[in-house]
Every structure is written in C-alpha cells, then in structure tokens.
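J.: The structure file query15.txt (compact mmCIF, C-alpha atoms) is provided below.
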# COMPACT_ATOMS: atom_id res chain seq x y z
CA MET A 124 25.58 39.12 98.71
CA GLU A 125 26.51 36.25 96.42
CA SER A 126 27.16 32.57 96.80
CA MET A 127 30.40 31.14 95.44
CA THR A 128 28.39 28.58 93.47
CA GLY A 129 27.06 29.79 90.14
CA TYR A 130 26.71 29.26 86.42
CA GLY A 131 26.39 31.62 83.47
CA ARG A 132 26.20 31.11 79.72
CA SER A 133 26.03 33.40 76.72
CA SER A 134 25.95 32.79 72.97
CA ARG A 135 26.18 35.30 70.16
CA ILE A 136 26.72 35.29 66.41
CA VAL A 137 29.71 37.40 65.39
CA GLY A 138 30.32 37.48 61.62
CA GLN A 139 30.38 33.88 60.41
CA LYS A 140 31.00 32.45 63.89
CA GLN A 141 28.94 31.57 66.92
CA ILE A 142 30.75 32.44 70.13
CA ILE A 143 29.71 30.45 73.21
CA VAL A 144 30.94 31.42 76.68
CA GLU A 145 30.29 29.38 79.83
CA ILE A 146 31.33 30.32 83.37
CA LYS A 147 30.86 28.16 86.46
CA SER A 148 32.24 28.21 89.98
CA VAL A 149 32.27 26.27 93.24
CA ASN A 150 33.51 27.05 96.74
CA HIS A 151 37.15 27.95 97.25
CA ARG A 152 38.99 30.01 99.84
CA TYR A 153 40.42 32.32 97.17
CA LEU A 154 39.83 32.99 93.48
CA GLU A 155 41.22 30.12 91.40
CA LEU A 156 40.54 30.89 87.74
CA SER A 157 40.93 28.40 84.88
CA THR A 158 40.31 29.23 81.22
CA ARG A 159 39.74 26.94 78.24
CA LEU A 160 40.12 28.83 74.98
CA PRO A 161 40.44 28.03 71.27
CA GLU A 162 43.97 28.44 69.97
CA THR A 163 42.90 31.52 68.01
CA LEU A 164 42.08 33.28 71.31
CA SER A 165 45.22 32.33 73.22
CA SER A 166 46.65 35.84 72.89
CA LEU A 167 43.55 37.19 74.68
CA ASP A 168 43.94 35.00 77.76
CA PRO A 169 45.46 37.79 79.94
CA ALA A 170 42.69 40.22 79.00
CA ILE A 171 39.99 37.61 79.64
CA ARG A 172 41.46 36.73 83.04
CA ASN A 173 41.69 40.40 83.97
CA LEU A 174 38.03 40.94 83.04
CA VAL A 175 36.90 38.03 85.23
CA ARG A 176 39.11 39.02 88.18
CA HIS A 177 37.53 42.48 88.23
CA SER A 178 34.14 40.79 88.58
CA VAL A 179 34.79 37.74 90.80
CA SER A 180 36.72 37.73 94.08
CA ARG A 181 36.38 34.14 95.40
CA GLY A 182 35.62 30.64 94.15
CA LYS A 183 37.13 27.98 91.92
CA THR A 184 36.00 29.45 88.61
CA ASP A 185 36.13 27.85 85.16
CA LEU A 186 35.60 29.86 81.97
CA THR A 187 35.20 28.08 78.65
CA ILE A 188 34.93 29.70 75.21
CA ARG A 189 33.94 27.75 72.11
CA ILE A 190 33.74 29.06 68.56
CA GLN A 191 31.54 27.33 66.00
CA ARG A 192 31.15 28.26 62.35
CA THR A 193 27.73 29.16 61.01
CA GLY A 194 26.29 28.98 57.47
CA SER A 195 27.30 26.64 54.66
CA GLU A 196 30.16 28.60 53.19
CA GLU A 197 33.50 26.95 52.58
CA THR A 198 35.74 26.66 55.60
CA ASP A 199 38.47 29.30 55.42
CA LEU A 200 41.47 27.06 56.00
CA ILE A 201 44.94 27.72 54.64
CA TRP A 202 48.13 25.72 54.52
CA ASP A 203 51.39 27.00 55.93
CA GLN A 204 53.91 26.78 53.10
CA GLY A 205 56.90 27.33 55.40
CA MET A 206 55.85 24.56 57.78
CA ALA A 207 55.20 22.17 54.91
CA ALA A 208 58.62 22.94 53.42
CA PHE A 209 60.25 22.27 56.78
CA TYR A 210 58.66 18.81 57.04
CA GLN A 211 59.65 18.01 53.44
CA LYS A 212 63.26 19.06 53.98
CA ALA A 213 63.48 17.20 57.29
CA ALA A 214 62.05 14.02 55.72
CA LEU A 215 64.56 14.19 52.86
CA GLU A 216 67.53 14.71 55.20
CA MET A 217 66.42 11.83 57.44
CA ALA A 218 66.03 9.53 54.44
CA GLU A 219 69.54 10.34 53.17
CA THR A 220 71.15 10.04 56.61
CA LEU A 221 69.44 6.80 57.57
CA HIS A 222 69.46 5.33 54.06
CA LEU A 223 65.70 5.01 54.00
CA PRO A 224 63.23 5.71 51.20
CA ASP A 225 61.71 9.15 51.21
CA ASP A 226 58.03 8.18 51.34
CA LEU A 227 56.55 11.48 52.55
CA THR A 228 53.39 12.10 50.52
CA THR A 229 51.16 15.13 50.20
CA SER A 230 48.38 13.35 52.08
CA ARG A 231 50.66 12.64 55.03
CA LEU A 232 52.01 16.16 54.90
CA LEU A 233 48.49 17.57 55.25
CA ASN A 234 48.12 15.74 58.59
CA MET A 235 51.33 17.09 60.10
CA PRO A 236 50.86 19.55 63.02
CA GLY A 237 50.79 23.20 62.03
CA VAL A 238 50.40 22.65 58.27
CA ILE A 239 46.65 23.39 58.10
CA LEU A 240 45.53 26.60 59.84
CA GLN A 241 42.46 28.76 60.16
CA ALA A 242 42.72 31.66 57.77
CA ASP A 243 41.88 34.09 60.57
CA SER A 244 44.34 32.62 63.08
CA SER A 245 46.41 35.75 62.79
CA GLU A 246 43.41 38.05 63.11
CA ASP A 247 44.07 41.35 64.85
CA PRO A 248 43.77 40.81 68.67
CA ASP A 249 41.90 44.09 69.12
CA ARG A 250 39.30 42.99 66.60
CA LEU A 251 38.98 39.59 68.29
CA TRP A 252 38.57 41.24 71.69
CA GLU A 253 35.92 43.57 70.34
CA GLY A 254 33.79 40.58 69.33
CA ILE A 255 34.51 38.35 72.34
CA ARG A 256 34.28 40.81 75.24
CA PRO A 257 30.50 41.52 75.06
CA VAL A 258 29.78 37.78 75.08
CA ILE A 259 31.96 37.27 78.17
CA GLU A 260 30.31 40.23 79.92
CA GLU A 261 26.85 38.86 79.19
CA ALA A 262 27.86 35.43 80.52
CA LEU A 263 29.24 37.14 83.65
CA ASN A 264 25.90 38.91 84.14
CA HIS A 265 24.04 35.58 84.04
CA PHE A 266 26.72 34.07 86.28
CA HIS A 267 26.29 36.79 88.92
CA ALA A 268 22.50 36.54 88.72
CA SER A 269 22.83 32.82 89.50
CA ARG A 270 25.17 33.48 92.42
CA LYS A 271 22.95 36.29 93.72
CA ALA A 272 19.87 34.03 93.73
CA GLU A 273 21.76 31.39 95.70
CA GLY A 274 23.21 34.12 97.95
CA ASP A 275 19.69 35.36 98.76
CA ARG A 276 18.71 31.86 99.87
CA LEU A 277 21.82 31.61 102.03
CA ALA A 278 21.16 35.03 103.55
CA LYS A 279 17.59 34.09 104.49
CA ASP A 280 18.78 30.89 106.16
CA LEU A 281 21.56 32.70 108.03
CA LEU A 282 19.20 35.45 109.19
CA ASP A 283 16.93 32.77 110.62
CA LYS A 284 19.91 31.26 112.42
CA ALA A 285 20.90 34.72 113.71
CA ASP A 286 17.41 35.07 115.19
CA THR A 287 17.78 31.68 116.86
CA MET A 288 21.16 32.68 118.30
CA ALA A 289 19.68 35.91 119.67
CA SER A 290 16.88 33.89 121.29
CA LEU A 291 19.42 31.57 122.96
CA VAL A 292 21.32 34.57 124.35
CA ASP A 293 18.06 36.00 125.73
CA ARG A 294 17.30 32.70 127.47
CA LEU A 295 20.77 32.69 129.01
CA GLU A 296 20.31 36.23 130.26
CA GLU A 297 17.07 35.21 131.94
CA ARG A 298 18.75 32.17 133.44
CA ALA A 299 21.88 33.88 134.79
CA PRO A 300 20.32 35.55 137.91
CA GLU A 301 18.61 32.27 138.85
CA LEU A 302 21.97 30.50 138.91
CA ILE A 303 23.32 32.93 141.50
CA GLU A 304 20.23 32.79 143.66
CA ASN A 305 20.07 29.00 143.49
CA TYR A 306 23.69 28.76 144.56
CA ARG A 307 23.14 31.16 147.47
CA THR A 308 20.15 29.12 148.66
CA ARG A 309 22.04 25.81 148.36
CA LEU A 310 25.07 27.23 150.17
CA TYR A 311 22.95 28.66 152.97
CA ASP A 312 21.04 25.40 153.42
CA LYS A 313 24.27 23.37 153.39
CA VAL A 314 25.93 25.54 156.02
CA LYS A 315 22.77 25.47 158.12
CA GLU A 316 22.72 21.66 157.86
CA VAL A 317 26.36 21.39 158.94
CA LEU A 318 25.81 23.72 161.89
CA ASP A 319 22.55 22.08 162.93
CA GLY A 320 22.59 21.64 166.70
CA GLU A 321 25.62 23.86 167.12
CA ASN A 322 25.28 27.06 169.06
CA VAL A 323 26.74 29.11 166.19
CA ASP A 324 25.11 31.98 164.34
CA LEU A 325 25.20 31.94 160.54
CA ASP A 326 27.53 34.60 159.16
CA ASP A 327 25.48 36.15 156.36
CA SER A 328 28.40 38.34 155.26
CA ARG A 329 30.64 35.30 154.78
CA ILE A 330 27.97 33.55 152.74
CA ALA A 331 27.52 36.70 150.66
CA ALA A 332 31.27 36.80 150.01
CA GLU A 333 31.28 33.18 148.85
CA VAL A 334 28.30 33.84 146.57
CA THR A 335 30.12 36.85 145.10
CA ILE A 336 33.20 34.76 144.31
CA TYR A 337 31.03 32.08 142.73
CA ALA A 338 29.09 34.63 140.70
CA ASP A 339 32.34 36.05 139.35
CA LYS A 340 33.49 32.60 138.23
CA ILE A 341 30.32 31.76 136.32
CA CYS A 342 29.57 35.26 135.03
CA ILE A 343 28.92 35.23 131.29
CA ASP A 344 27.79 38.84 130.90
CA GLU A 345 30.75 39.79 128.69
CA GLU A 346 30.31 36.73 126.49
CA MET A 347 26.61 37.47 125.99
CA VAL A 348 27.31 41.13 125.18
CA ARG A 349 29.88 40.09 122.55
CA LEU A 350 27.56 37.46 121.12
CA LYS A 351 24.83 40.07 120.72
CA SER A 352 27.34 42.30 118.94
CA HIS A 353 28.38 39.46 116.63
CA VAL A 354 24.76 38.64 115.80
CA ALA A 355 24.12 42.30 114.95
CA ALA A 356 27.23 42.37 112.74
CA LEU A 357 26.12 39.14 111.04
CA ARG A 358 22.73 40.65 110.21
CA LYS A 359 24.33 43.82 108.88
CA ASP A 360 26.87 42.00 106.69
CA LEU A 361 24.19 39.75 105.22
CA GLN A 362 22.53 42.86 103.78
CA SER A 363 25.75 44.02 102.08
CA ASN A 364 26.22 44.06 98.32
CA GLU A 365 29.98 43.64 98.73
CA PRO A 366 31.86 40.33 99.15
CA VAL A 367 31.71 39.53 102.88
CA GLY A 368 32.70 35.86 103.00
CA ARG A 369 36.12 36.38 104.60
CA LYS A 370 34.67 38.82 107.13
CA LEU A 371 31.96 36.35 108.08
CA ASP A 372 34.60 33.61 108.45
CA PHE A 373 36.27 35.69 111.17
CA LEU A 374 32.92 36.58 112.76
CA VAL A 375 31.96 32.92 113.09
CA GLN A 376 35.31 32.16 114.75
CA GLU A 377 34.54 34.79 117.38
CA MET A 378 31.02 33.44 117.91
CA ASN A 379 32.50 29.98 118.40
CA ARG A 380 34.95 31.37 120.95
CA GLU A 381 32.18 32.96 123.01
CA SER A 382 29.95 29.86 122.90
CA ASN A 383 32.89 27.72 124.07
CA THR A 384 33.47 30.01 127.03
CA ILE A 385 29.79 29.99 127.94
CA LEU A 386 29.70 26.21 127.83
CA SER A 387 32.83 25.95 129.99
CA LYS A 388 31.17 28.14 132.65
CA SER A 389 27.95 26.14 132.68
CA THR A 390 27.01 24.94 136.18
CA ASP A 391 23.68 23.26 135.57
CA VAL A 392 22.05 21.07 132.93
CA LEU A 393 19.86 23.80 131.45
CA THR A 394 22.74 26.22 130.93
CA ALA A 395 24.91 23.45 129.49
CA ASP A 396 22.13 22.50 127.09
CA LEU A 397 21.86 26.12 125.93
CA GLY A 398 25.63 26.23 125.44
CA ILE A 399 25.56 23.04 123.37
CA GLU A 400 22.72 24.45 121.27
CA MET A 401 24.85 27.55 120.66
CA LYS A 402 27.89 25.55 119.56
CA THR A 403 25.76 23.41 117.24
CA LEU A 404 24.17 26.52 115.75
CA VAL A 405 27.55 28.22 115.24
CA GLU A 406 28.77 25.15 113.36
CA LYS A 407 25.72 25.29 111.08
CA ILE A 408 26.36 28.98 110.47
CA ARG A 409 30.01 28.20 109.66
CA GLU A 410 28.98 25.62 107.05
CA GLN A 411 26.76 28.13 105.30
CA VAL A 412 29.29 30.95 105.50
CA GLN A 413 31.77 28.76 103.61
CA ASN A 414 29.50 29.18 100.56
CA ILE A 415 29.54 32.98 100.56
CA GLU A 416 31.82 35.03 98.30
Represent the supplied structure as structure tokens.

T.:
Amino acid sequence: MESMTGYGRSSRIVGQKQIIVEIKSVNHRYLELSTRLPETLSSLDPAIRNLVRHSVSRGKTDLTIRIQRTGSEETDLIWDQGMAAFYQKAALEMAETLHLPDDLTTSRLLNMPGVILQADSSEDPDRLWEGIRPVIEEALNHFHASRKAEGDRLAKDLLDKADTMASLVDRLEERAPELIENYRTRLYDKVKEVLDGENVDLDDSRIAAEVTIYADKICIDEEMVRLKSHVAALRKDLQSNEPVGRKLDFLVQEMNRESNTILSKSTDVLTADLGIEMKTLVEKIREQVQNIE
C-alpha cells in the first residue's frame, strides 16, 4: 500500500549531458499529471506520460526533467539560416512600407526567437527516449519507495484504529443485553408503582410484549455485525499491494452509516458515548484514508 504523497529523484550522465528527473505528488482524488520538459524533449511528452500512468494511479503528480551539459567542450549551438533570412526579409519589407531605416543588425538578429538552436534539437526521438527512459524509471523507483514508506506508516496507524473500532463494537455487544434488562426492570417497577394499592395483578405477558417491542426498536445487532465485517475488510485491504484508496473511501462511508444508526438508537448515556466515540474514530480513519493511493 502506498501513500499519495511522495518524492523521487534520479540523475545520470548520458553522453555530454546530465539528465535530472524529479517526481513529486500530493493527495488528489484522481491522477493529475503535469510535466515540465526541455524543448528538446517535447516530442517525448506522450511517451513520458504513458510511462508514469502505468506506474501511478492517483495523486497530483509533477514530473520535471532538466538537462545540463557536462565538461568544458564548446557548446554545440547552431543558427537557423532560414529563420534568420525570414527576419531579415521581414525587417526590409517593413522599413520600405513604413519609410523607416532598416537598422536590423547581426547582433539583434542573434537575439531573435528561433535563430539560435541546440545542434541536437532534431535528435532522433528513439535515441532520446533510450537515454531518458532509464532515468525516469529510476526516479519512479525512488518515488514509489517514498510513497511505500509513508503508506506503511499510514497502514500501522489505521490498523491501530481498526483495533480500537473492534474494541468499541465489543463493548456495545456487552452493553446491549443490559439495556433490555434495565428497561424491563424499569417498566415493571413503573407499572407496579402505578398499580400500587389497586387490586390488580401484573400482566407479565403484557410487560414481556412491551419489552420485545422496545428491544426491536433499539436492536443494533445488524449494525454491529456489519461494522465487524467492515473492520475485517479494512484490515485485509491495508495488507494489499494494490491501490486500495477508492475502495477504502467507500468502506469508510459504510462505517459512518453504521455508527450513525447506532448513535440514533442510543437510549442511555454510556451507549451514546460509545456511538460518539465511533463517529469520531470513523472521521479520523476517513482523514487518513484520503492519503492512500
């Protein structure tokens, strides 16, 4: 299991260049991928995105690639003769049309966009990909290691919370029979008090019927069974190596539904307190689940 928060970096010398790849991500409902690439790698953007999407399923993810030259050799820049000729012709035509002096100089021409290029800007894409891909894959490995370490910490915390939830359910199960018995005793004493001095026998069968109706109203057996099932599913999913974030989102919704029902059926302070503890715990679980891929 991995967190959606992570960082990975890789650097490698390829020929006369140092290729640096950085990947980082934060929480997001879906995969939102952004890439920042040098112009020479723009043609590889689809391949780079495809590589990342096969590795990452959720999170706002940013991938940055920088290329730095190494060594002290001359920079392999070239000038684009066609682009320079275009600027020269355009400057001449504008000067003639607007009756202005043609003051375009070589120095100014060198600063015009597109005139100076990297000599390898038209390098074969397959050759570029061959050098770039291993660096991206290594950065992804570091990235996943970072997310896995954070995921392990989240899993431990969530497993502790699952144990606490199971303990709360156990306490409710122990409390449930007492609620019925306490109600039966209170009802019997109340009826006896009302009939005190009257020559009327208590109808035990009628009291039993009332207790049965009451027990049905406050029964939380189904909710506790489902909560136990959800806790077991939570523990199982936390051990998975596959992305489980969306599945856990749904699971937490169901746990919240059951805890709401239990709280609504509470008839005494102790049961209400347990229900509130459950709701608070479910909210804490939800906050942590939002970090899981």

J.: In Å, rounded to a single decimal, give me how far atom CA of Ile408 of chain A is from atom CA of Met127 of chain A.

T.: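 The value is 15.7 Å.
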
J.: With all atoms listed in the file as the counted atoms, please give the residues lying no more than 12 Å from Gly254 of chain A, apart from itself and same-chain residues fewer than 5 positions off, as a PyMOL selection string.

T.: chain A and resi 134-143+164+167+190+246-249+259-260

J.: Just give me the gap between atom CA of Leu154 of chain A and atom CA of Ser180 of chain A in Å, one decimal is fine.

T.: 5.7 Å

J.: Quote the spacing between atom CA of Gly205 of chain A and atom CA of Ile239 of chain A in Å to one decimal place.

T.: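 We find that atom CA of Gly205 of chain A and atom CA of Ile239 of chain A lie 11.3 Å from each other.
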
J.: Using all atoms listed in the file and a cutoff of 6 Å, can you tell me which residues are near (30.5, 31.9, 99.6) in the file's coordinates, and write them out as number ranges by chain?

T.: A: 126-127, 368, 413-416

J.: Measuring atom to atom with all atoms listed in the file, identify which of A:Cys342, A:Val405, A:Ala285, A:Leu221 is nearest to Ala356 of chain A.

T.: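 Smallest separation from Ala356 of chain A among the options: A:Ala285.
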
J.: Neighbouring residues of Arg132 of chain A were defined as those with any atom within 9 Å, considering all atoms listed in the file; residues of the same chain fewer than 5 positions away were excluded. Please report them as number ranges by chain.

T.: A: 143-147, 258-259, 261-266

J.: Give me, as a list in words, all polymer residues having an atom no more than 12 Å from Thr229 of chain A, counting all atoms listed in the file and skipping those fewer than 6 positions away in the same chain.

T.: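 Contacts, in chain order: Trp202, Ala207, Ala208, Tyr210, Gln211, Met235 and Val238 of chain A.
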
J.: Have a look at A:Leu282, A:Leu393, A:Met124, A:Leu240 and name the one nearest to Arg294 of chain A; count all atoms listed in the file.

T.: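 Among A:Leu282, A:Leu393, A:Met124, A:Leu240, it is A:Leu393 that comes nearest to Arg294 of chain A.
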
J.: Nearest to Pro257 of chain A among A:Leu386, A:Arg380, A:Asp275, A:Ser133, with distances taken over only C-alpha atoms: which residue is it?

T.: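 Smallest separation from Pro257 of chain A among the options: A:Ser133.
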
J.: Between A:Val179, A:His353, A:Leu200, A:Leu160, single out the one closest to Asp286 of chain A, counting only C-alpha atoms.

T.: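 Checking each of A:Val179, A:His353, A:Leu200, A:Leu160 against Asp286 of chain A, counting only C-alpha atoms, the winner is A:His353.
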
J.: Name the closest residue to Gly274 of chain A among the candidates A:Thr384, A:Ser328, A:Asn364, A:Asn234; distances are taken between atoms, counting only C-alpha atoms.

T.: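 Counting only C-alpha atoms, the residue closest to Gly274 of chain A is A:Asn364.
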
J.: Find, counting only C-alpha atoms, the residue in A:Asp225, A:Glu273, A:Glu219, A:Asp168 that gets nearest to Val149 of chain A.

T.: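 That would be A:Glu273, the residue with the smallest distance to Val149 of chain A.
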
J.: Env of Gly398 of chain A: 12 Å cut, atoms = all atoms listed in the file, seq-sep filter 6 positions within chain, self excluded. Answer as a ChimeraX atom specification.

T.: /A:288,291-292,294-295,343,346-347,378-392,404-405

J.: Go ahead and write the residues just picked, C-alpha atoms, as an mmCIF file, in the coordinates of the input.

T.:
data_model
loop_
_atom_site.group_PDB
_atom_site.id
_atom_site.type_symbol
_atom_site.label_atom_id
_atom_site.label_comp_id
_atom_site.auth_asym_id
_atom_site.auth_seq_id
_atom_site.Cartn_x
_atom_site.Cartn_y
_atom_site.Cartn_z
ATOM 1 C CA MET A 288 21.160 32.680 118.300
ATOM 2 C CA LEU A 291 19.420 31.570 122.960
ATOM 3 C CA VAL A 292 21.320 34.570 124.350
ATOM 4 C CA ARG A 294 17.300 32.700 127.470
ATOM 5 C CA LEU A 295 20.770 32.690 129.010
ATOM 6 C CA ILE A 343 28.920 35.230 131.290
ATOM 7 C CA GLU A 346 30.310 36.730 126.490
ATOM 8 C CA MET A 347 26.610 37.470 125.990
ATOM 9 C CA MET A 378 31.020 33.440 117.910
ATOM 10 C CA ASN A 379 32.500 29.980 118.400
ATOM 11 C CA ARG A 380 34.950 31.370 120.950
ATOM 12 C CA GLU A 381 32.180 32.960 123.010
ATOM 13 C CA SER A 382 29.950 29.860 122.900
ATOM 14 C CA ASN A 383 32.890 27.720 124.070
ATOM 15 C CA THR A 384 33.470 30.010 127.030
ATOM 16 C CA ILE A 385 29.790 29.990 127.940
ATOM 17 C CA LEU A 386 29.700 26.210 127.830
ATOM 18 C CA SER A 387 32.830 25.950 129.990
ATOM 19 C CA LYS A 388 31.170 28.140 132.650
ATOM 20 C CA SER A 389 27.950 26.140 132.680
ATOM 21 C CA THR A 390 27.010 24.940 136.180
ATOM 22 C CA ASP A 391 23.680 23.260 135.570
ATOM 23 C CA VAL A 392 22.050 21.070 132.930
ATOM 24 C CA LEU A 404 24.170 26.520 115.750
ATOM 25 C CA VAL A 405 27.550 28.220 115.240
#

J.: Take segment 142-153 of chain A from the preceding structure and save all heavy atoms as an mmCIF file, in the first residue's frame.

T.:
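Once written, out37.cif looks like this:
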data_model
loop_
_atom_site.group_PDB
_atom_site.id
_atom_site.type_symbol
_atom_site.label_atom_id
_atom_site.label_comp_id
_atom_site.auth_asym_id
_atom_site.auth_seq_id
_atom_site.Cartn_x
_atom_site.Cartn_y
_atom_site.Cartn_z
ATOM 1 N N ILE A 142 21.299 14.249 -17.074
ATOM 2 C CA ILE A 142 19.838 14.237 -17.088
ATOM 3 C C ILE A 142 19.355 14.119 -15.646
ATOM 4 O O ILE A 142 19.738 13.198 -14.921
ATOM 5 C CB ILE A 142 19.295 13.073 -17.932
ATOM 6 C CG1 ILE A 142 19.789 13.205 -19.373
ATOM 7 C CG2 ILE A 142 17.769 13.050 -17.890
ATOM 8 C CD1 ILE A 142 19.477 12.000 -20.229
ATOM 9 N N ILE A 143 18.507 15.047 -15.231
ATOM 10 C CA ILE A 143 17.971 15.069 -13.871
ATOM 11 C C ILE A 143 16.451 14.957 -13.946
ATOM 12 O O ILE A 143 15.793 15.754 -14.629
ATOM 13 C CB ILE A 143 18.362 16.370 -13.141
ATOM 14 C CG1 ILE A 143 19.889 16.515 -13.117
ATOM 15 C CG2 ILE A 143 17.797 16.376 -11.716
ATOM 16 C CD1 ILE A 143 20.352 17.878 -12.667
ATOM 17 N N VAL A 144 15.905 13.958 -13.248
ATOM 18 C CA VAL A 144 14.455 13.740 -13.238
ATOM 19 C C VAL A 144 13.965 13.820 -11.796
ATOM 20 O O VAL A 144 14.525 13.175 -10.901
ATOM 21 C CB VAL A 144 14.082 12.369 -13.831
ATOM 22 C CG1 VAL A 144 12.572 12.139 -13.736
ATOM 23 C CG2 VAL A 144 14.548 12.274 -15.277
ATOM 24 N N GLU A 145 12.920 14.606 -11.578
ATOM 25 C CA GLU A 145 12.299 14.724 -10.261
ATOM 26 C C GLU A 145 10.801 14.445 -10.392
ATOM 27 O O GLU A 145 10.148 14.950 -11.317
ATOM 28 C CB GLU A 145 12.518 16.111 -9.668
ATOM 29 C CG GLU A 145 13.945 16.382 -9.232
ATOM 30 C CD GLU A 145 14.098 17.735 -8.567
ATOM 31 O OE1 GLU A 145 13.583 18.722 -9.141
ATOM 32 O OE2 GLU A 145 14.716 17.798 -7.497
ATOM 33 N N ILE A 146 10.269 13.665 -9.468
ATOM 34 C CA ILE A 146 8.840 13.356 -9.440
ATOM 35 C C ILE A 146 8.333 13.588 -8.022
ATOM 36 O O ILE A 146 8.935 13.114 -7.056
ATOM 37 C CB ILE A 146 8.559 11.895 -9.846
ATOM 38 C CG1 ILE A 146 9.201 11.566 -11.190
ATOM 39 C CG2 ILE A 146 7.047 11.640 -9.918
ATOM 40 C CD1 ILE A 146 9.114 10.102 -11.551
ATOM 41 N N LYS A 147 7.236 14.303 -7.895
ATOM 42 C CA LYS A 147 6.627 14.510 -6.582
ATOM 43 C C LYS A 147 5.113 14.494 -6.725
ATOM 44 O O LYS A 147 4.563 14.781 -7.801
ATOM 45 C CB LYS A 147 7.088 15.831 -5.963
ATOM 46 C CG LYS A 147 6.769 17.062 -6.783
ATOM 47 C CD LYS A 147 7.331 18.311 -6.121
ATOM 48 C CE LYS A 147 7.039 19.556 -6.966
ATOM 49 N NZ LYS A 147 7.584 20.793 -6.342
ATOM 50 N N SER A 148 4.434 14.152 -5.639
ATOM 51 C CA SER A 148 2.975 14.076 -5.697
ATOM 52 C C SER A 148 2.362 14.412 -4.346
ATOM 53 O O SER A 148 3.000 14.250 -3.301
ATOM 54 C CB SER A 148 2.514 12.679 -6.136
ATOM 55 O OG SER A 148 2.798 11.724 -5.117
ATOM 56 N N VAL A 149 1.123 14.885 -4.387
ATOM 57 C CA VAL A 149 0.326 15.139 -3.196
ATOM 58 C C VAL A 149 -1.059 14.539 -3.433
ATOM 59 O O VAL A 149 -1.354 14.026 -4.513
ATOM 60 C CB VAL A 149 0.218 16.653 -2.884
ATOM 61 C CG1 VAL A 149 1.571 17.223 -2.517
ATOM 62 C CG2 VAL A 149 -0.373 17.415 -4.083
ATOM 63 N N ASN A 150 -1.907 14.621 -2.417
ATOM 64 C CA ASN A 150 -3.216 13.986 -2.493
ATOM 65 C C ASN A 150 -4.087 14.573 -3.607
ATOM 66 O O ASN A 150 -4.113 15.782 -3.828
ATOM 67 C CB ASN A 150 -3.959 14.137 -1.168
ATOM 68 C CG ASN A 150 -3.227 13.486 -0.019
ATOM 69 O OD1 ASN A 150 -2.253 12.758 -0.230
ATOM 70 N ND2 ASN A 150 -3.679 13.731 1.189
ATOM 71 N N HIS A 151 -4.804 13.700 -4.269
ATOM 72 C CA HIS A 151 -5.791 14.117 -5.264
ATOM 73 C C HIS A 151 -6.717 12.930 -5.510
ATOM 74 O O HIS A 151 -6.298 11.769 -5.411
ATOM 75 C CB HIS A 151 -5.133 14.541 -6.580
ATOM 76 C CG HIS A 151 -6.029 15.345 -7.471
ATOM 77 N ND1 HIS A 151 -6.902 14.770 -8.351
ATOM 78 C CD2 HIS A 151 -6.192 16.688 -7.606
ATOM 79 C CE1 HIS A 151 -7.563 15.717 -9.001
ATOM 80 N NE2 HIS A 151 -7.150 16.896 -8.561
ATOM 81 N N ARG A 152 -7.974 13.243 -5.816
ATOM 82 C CA ARG A 152 -8.949 12.161 -5.985
ATOM 83 C C ARG A 152 -8.581 11.244 -7.142
ATOM 84 O O ARG A 152 -8.779 10.043 -7.096
ATOM 85 C CB ARG A 152 -10.339 12.761 -6.211
ATOM 86 C CG ARG A 152 -11.441 11.725 -6.189
ATOM 87 C CD ARG A 152 -12.806 12.389 -6.280
ATOM 88 N NE ARG A 152 -13.876 11.412 -6.225
ATOM 89 C CZ ARG A 152 -15.166 11.705 -6.333
ATOM 90 N NH1 ARG A 152 -15.530 12.977 -6.486
ATOM 91 N NH2 ARG A 152 -16.088 10.767 -6.282
ATOM 92 N N TYR A 153 -8.048 11.828 -8.217
ATOM 93 C CA TYR A 153 -7.644 11.052 -9.389
ATOM 94 C C TYR A 153 -6.180 11.349 -9.700
ATOM 95 O O TYR A 153 -5.521 12.083 -8.967
ATOM 96 C CB TYR A 153 -8.520 11.396 -10.591
ATOM 97 C CG TYR A 153 -10.001 11.213 -10.347
ATOM 98 C CD1 TYR A 153 -10.837 12.314 -10.157
ATOM 99 C CD2 TYR A 153 -10.555 9.930 -10.284
ATOM 100 C CE1 TYR A 153 -12.197 12.147 -9.912
ATOM 101 C CE2 TYR A 153 -11.912 9.763 -10.048
ATOM 102 C CZ TYR A 153 -12.727 10.867 -9.856
ATOM 103 O OH TYR A 153 -14.061 10.689 -9.615
#
